[in-house]
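**Student:** My structure is below; once you've seen it, I'll send some questions.
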Amino acid sequence: MSNLPRLRPVFYLLAGLSLVALPATHAASTTPAVPAAPPLPYTTGVKTRDGLGKYYFGREIAHYMTHQGAPWLERAERDTEERPDLVMKALALKPGDLVADLGCGTGYFSWRMAQAVGPKGVVYGVEIQQEMLDLLAANMKPRGVANVVGVRGALDDPKLPQPVDLAIMVDVYHECSEPAEFLAAVCRHLKPGGRLVFVEYRGEDPEVPIKALHKMTEAQVKKEMTAQPLDYIETVRSLPRQHLIIFKKRAAP
Ligand SMILES: C[S@@+](CC[C@H](N)C(=O)[O-])C[C@H]1O[C@@H](n2cnc3c(N)ncnc32)[C@H](O)[C@@H]1O
């Protein structure tokens, strides 16, 4: 209480400054020029059961699958449901290629791609969950696969150790929580002319028995890639439940 009288003049000065409107010219000359922040590409909206309530290009982003779901990735019927042989044919990998299996999970595709690129090639199995990387290592060992390298990535950066010829996301992109940043980083890590491939359950097809947020339409994938330095190449439609959508890194102008 005894301090109050001494503080009063300071208080009146501050209060007065905030109440007196300055002339526009004065205000402009005293306000530091702060550049406007670029608009965030995300919006918030209704949070559904399987989603984050975070939207990108109008699509609600799904929760990522935790390592408890790993047995589903290795289910026996997956070979007939997803036809990995047709996926491998579409990828047309060459010996010596460097590949990023982004969100590799247990490595269902990693070892297949590792065989295709041969001993001179490498498959980087990128995961945000250490438990998945442990399962990846455990699954490569009995197969004698030595050219799959596990990489602990971040939500917004795969942290690839070197540029790759091909990056693939099988059933992953719809659950990337920072898709704009993550894909920008992926594009930086693609060699010139390198390919980025998405394999997603077809969102256009109500017969595909997968939760809505874990499917994507071809139109939505293409729309979201307009934010990246990528050119659309083709869509492979021969898979039973998914589409395989191929983009290529755009040549620098
Ligand atoms: C449905 S699983 C698919 C796994 C594997 N691609 C397959 O087809 O068997 C999705 C995986 O993506 C991973 N994931 C999600 N977001 C990721 C990100 N930003 N970077 C790396 N992995 C991610 C999850 O941890 C999960 O293991």
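Residue names in the structure tokens use chain letters A, B, ... in the order shown, residue numbers from 1 in each chain, and ligand numbers from 1 in the order shown.
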Taking only C-alpha atoms and all ligand atoms and a cut-off of 8 Å, can you tell me which residues surround ligand 1, written as an NGL selection string?
**Tutor:** :A and (64-67 or 70 or 73-74 or 101-109 or 126-129 or 132 or 152-158 or 169-173 or 175-179 or 182)
**Student:** Go ahead and write the selection's residues with N, CA and C atoms as a short mmCIF file (atom, residue, chain, number, x, y, z; two decimals), in the first residue's frame.
**Tutor:**
data_model
loop_
_atom_site.label_atom_id
_atom_site.label_comp_id
_atom_site.auth_asym_id
_atom_site.auth_seq_id
_atom_site.Cartn_x
_atom_site.Cartn_y
_atom_site.Cartn_z
N TYR A 64 -2.32 -41.34 -36.67
CA TYR A 64 -1.45 -42.38 -37.23
C TYR A 64 -1.67 -43.70 -36.50
N MET A 65 -1.36 -44.78 -37.23
CA MET A 65 -1.54 -46.12 -36.66
C MET A 65 -0.39 -46.40 -35.69
N THR A 66 -0.71 -46.78 -34.47
CA THR A 66 0.36 -47.04 -33.51
C THR A 66 0.94 -48.43 -33.73
N HIS A 67 2.07 -48.68 -33.07
CA HIS A 67 2.76 -49.96 -33.26
C HIS A 67 1.92 -51.13 -32.78
N ALA A 70 0.67 -53.25 -35.53
CA ALA A 70 1.67 -53.87 -36.42
C ALA A 70 1.24 -55.24 -36.98
N LEU A 73 -0.39 -55.19 -40.30
CA LEU A 73 0.46 -54.91 -41.47
C LEU A 73 1.07 -56.20 -42.03
N GLU A 74 1.11 -57.22 -41.20
CA GLU A 74 1.72 -58.50 -41.62
C GLU A 74 0.66 -59.59 -41.77
N ASP A 101 11.36 -45.55 -47.99
CA ASP A 101 10.05 -46.13 -47.66
C ASP A 101 9.54 -45.34 -46.46
N LEU A 102 8.80 -44.28 -46.76
CA LEU A 102 8.39 -43.33 -45.71
C LEU A 102 7.20 -43.89 -44.93
N GLY A 103 7.37 -44.03 -43.63
CA GLY A 103 6.33 -44.67 -42.83
C GLY A 103 6.33 -46.16 -43.13
N CYS A 104 7.50 -46.78 -43.01
CA CYS A 104 7.70 -48.17 -43.48
C CYS A 104 6.99 -49.20 -42.61
N GLY A 105 6.59 -48.82 -41.38
CA GLY A 105 5.95 -49.79 -40.49
C GLY A 105 6.87 -50.96 -40.22
N THR A 106 6.35 -52.18 -40.41
CA THR A 106 7.11 -53.39 -40.13
C THR A 106 8.01 -53.80 -41.30
N GLY A 107 7.94 -53.04 -42.39
CA GLY A 107 8.82 -53.33 -43.54
C GLY A 107 8.20 -54.23 -44.59
N TYR A 108 6.86 -54.30 -44.61
CA TYR A 108 6.17 -55.16 -45.58
C TYR A 108 6.63 -54.89 -47.01
N PHE A 109 6.85 -53.61 -47.34
CA PHE A 109 7.35 -53.27 -48.67
C PHE A 109 8.86 -53.09 -48.69
N VAL A 126 11.87 -45.30 -43.11
CA VAL A 126 11.70 -44.14 -42.23
C VAL A 126 10.46 -44.32 -41.35
N GLU A 127 10.62 -44.06 -40.07
CA GLU A 127 9.50 -44.19 -39.13
C GLU A 127 9.59 -43.13 -38.04
N ILE A 128 8.42 -42.73 -37.54
CA ILE A 128 8.39 -41.85 -36.38
C ILE A 128 8.33 -42.67 -35.08
N GLN A 129 7.99 -43.96 -35.20
CA GLN A 129 7.86 -44.80 -33.99
C GLN A 129 9.06 -45.75 -33.90
N MET A 132 8.31 -49.43 -34.35
CA MET A 132 8.22 -49.91 -35.74
C MET A 132 9.62 -50.16 -36.30
N ARG A 152 15.07 -42.86 -38.01
CA ARG A 152 14.05 -42.26 -37.15
C ARG A 152 13.76 -40.84 -37.65
N GLY A 153 12.61 -40.68 -38.28
CA GLY A 153 12.23 -39.38 -38.82
C GLY A 153 11.42 -38.58 -37.83
N ALA A 154 11.12 -37.35 -38.21
CA ALA A 154 10.25 -36.49 -37.40
C ALA A 154 8.94 -36.29 -38.17
N LEU A 155 7.95 -35.76 -37.47
CA LEU A 155 6.64 -35.58 -38.10
C LEU A 155 6.72 -34.67 -39.32
N ASP A 156 7.67 -33.74 -39.30
CA ASP A 156 7.76 -32.78 -40.40
C ASP A 156 9.01 -32.96 -41.26
N ASP A 157 9.75 -34.03 -41.04
CA ASP A 157 11.01 -34.20 -41.80
C ASP A 157 11.46 -35.65 -41.73
N PRO A 158 11.59 -36.32 -42.88
CA PRO A 158 11.99 -37.73 -42.84
C PRO A 158 13.46 -37.93 -42.45
N MET A 169 5.10 -43.76 -50.12
CA MET A 169 4.31 -43.77 -48.89
C MET A 169 3.14 -44.72 -49.12
N VAL A 170 3.21 -45.89 -48.52
CA VAL A 170 2.12 -46.85 -48.67
C VAL A 170 1.20 -46.75 -47.45
N ASP A 171 0.00 -46.24 -47.68
CA ASP A 171 -1.00 -46.16 -46.61
C ASP A 171 -0.49 -45.26 -45.46
N VAL A 172 0.20 -44.20 -45.80
CA VAL A 172 0.83 -43.34 -44.81
C VAL A 172 0.40 -41.88 -44.93
N TYR A 173 0.33 -41.37 -46.16
CA TYR A 173 0.20 -39.92 -46.33
C TYR A 173 -1.01 -39.33 -45.59
N GLU A 175 -2.17 -39.92 -42.91
CA GLU A 175 -1.98 -39.77 -41.46
C GLU A 175 -0.76 -38.93 -41.10
N CYS A 176 -0.21 -38.24 -42.07
CA CYS A 176 0.90 -37.31 -41.79
C CYS A 176 0.32 -36.05 -41.15
N SER A 177 0.75 -35.75 -39.95
CA SER A 177 0.14 -34.62 -39.24
C SER A 177 0.66 -33.26 -39.71
N GLU A 178 1.81 -33.25 -40.40
CA GLU A 178 2.38 -32.00 -40.93
C GLU A 178 2.65 -32.19 -42.42
N PRO A 179 1.62 -32.45 -43.21
CA PRO A 179 1.88 -32.84 -44.60
C PRO A 179 2.63 -31.80 -45.42
N PHE A 182 6.30 -31.85 -44.22
CA PHE A 182 6.90 -33.17 -44.47
C PHE A 182 7.19 -33.36 -45.96
#
**Student:** Please report, as a compact mmCIF listing (two decimals) with C-alpha atoms, in the first residue's frame, each residue of segment 28-202 of chain A to which DSSP assigns strand (DSSP E) when run on this structure's backbone.
**Tutor:**
# COMPACT_ATOMS: atom_id res chain seq x y z
CA TYR A 42 -4.02 -25.74 -42.13
CA THR A 43 -7.46 -25.09 -40.73
CA THR A 44 -9.18 -26.48 -37.69
CA GLY A 51 -9.09 -37.62 -37.00
CA LEU A 52 -7.09 -34.77 -35.51
CA GLY A 53 -9.60 -31.98 -36.17
CA LYS A 54 -6.80 -30.50 -38.28
CA TYR A 55 -7.60 -30.04 -41.94
CA TYR A 56 -5.40 -29.71 -45.02
CA ARG A 59 -9.35 -33.01 -45.65
CA GLU A 60 -9.27 -34.01 -41.99
CA ILE A 61 -5.92 -35.62 -41.16
CA ALA A 62 -6.20 -39.10 -39.60
CA LEU A 98 18.18 -45.36 -53.52
CA VAL A 99 14.67 -45.58 -52.07
CA ALA A 100 12.88 -44.02 -49.11
CA ASP A 101 10.05 -46.13 -47.66
CA LEU A 102 8.39 -43.33 -45.71
CA VAL A 122 19.60 -48.96 -50.34
CA VAL A 123 16.11 -48.70 -48.90
CA TYR A 124 15.77 -46.20 -46.08
CA GLY A 125 12.93 -47.34 -43.85
CA VAL A 126 11.70 -44.14 -42.23
CA GLU A 127 9.50 -44.19 -39.13
CA VAL A 148 17.40 -51.76 -45.46
CA VAL A 149 18.51 -48.94 -43.17
CA GLY A 150 16.15 -47.75 -40.45
CA VAL A 151 15.84 -43.97 -40.02
CA ARG A 152 14.05 -42.26 -37.15
CA VAL A 164 16.89 -40.68 -53.21
CA ASP A 165 15.60 -41.81 -56.61
CA LEU A 166 12.21 -42.77 -55.27
CA ALA A 167 10.20 -42.04 -52.14
CA ILE A 168 7.07 -44.04 -51.44
CA MET A 169 4.31 -43.77 -48.89
CA VAL A 170 2.12 -46.85 -48.67
CA LEU A 190 14.51 -36.27 -54.04
CA LYS A 191 17.16 -36.38 -56.74
CA PRO A 192 16.39 -34.26 -59.82
CA GLY A 193 13.66 -36.17 -61.65
CA GLY A 194 13.13 -38.40 -58.60
CA ARG A 195 9.68 -39.90 -58.06
CA LEU A 196 7.27 -39.61 -55.15
CA VAL A 197 4.67 -42.39 -55.04
CA PHE A 198 1.50 -42.63 -52.97
CA VAL A 199 -0.38 -45.85 -52.42
CA GLU A 200 -3.71 -45.07 -50.78
CA TYR A 201 -6.97 -46.96 -50.36
CA ARG A 202 -9.42 -45.58 -52.91
**Student:** Pick from A:Gln220, A:Thr226, A:Gln130, A:Gln162: nearest to Leu183 of chain A, with only C-alpha atoms counted?
**Tutor:**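 Comparing A:Gln220, A:Thr226, A:Gln130, A:Gln162 against Leu183 of chain A, the winner is A:Thr226.
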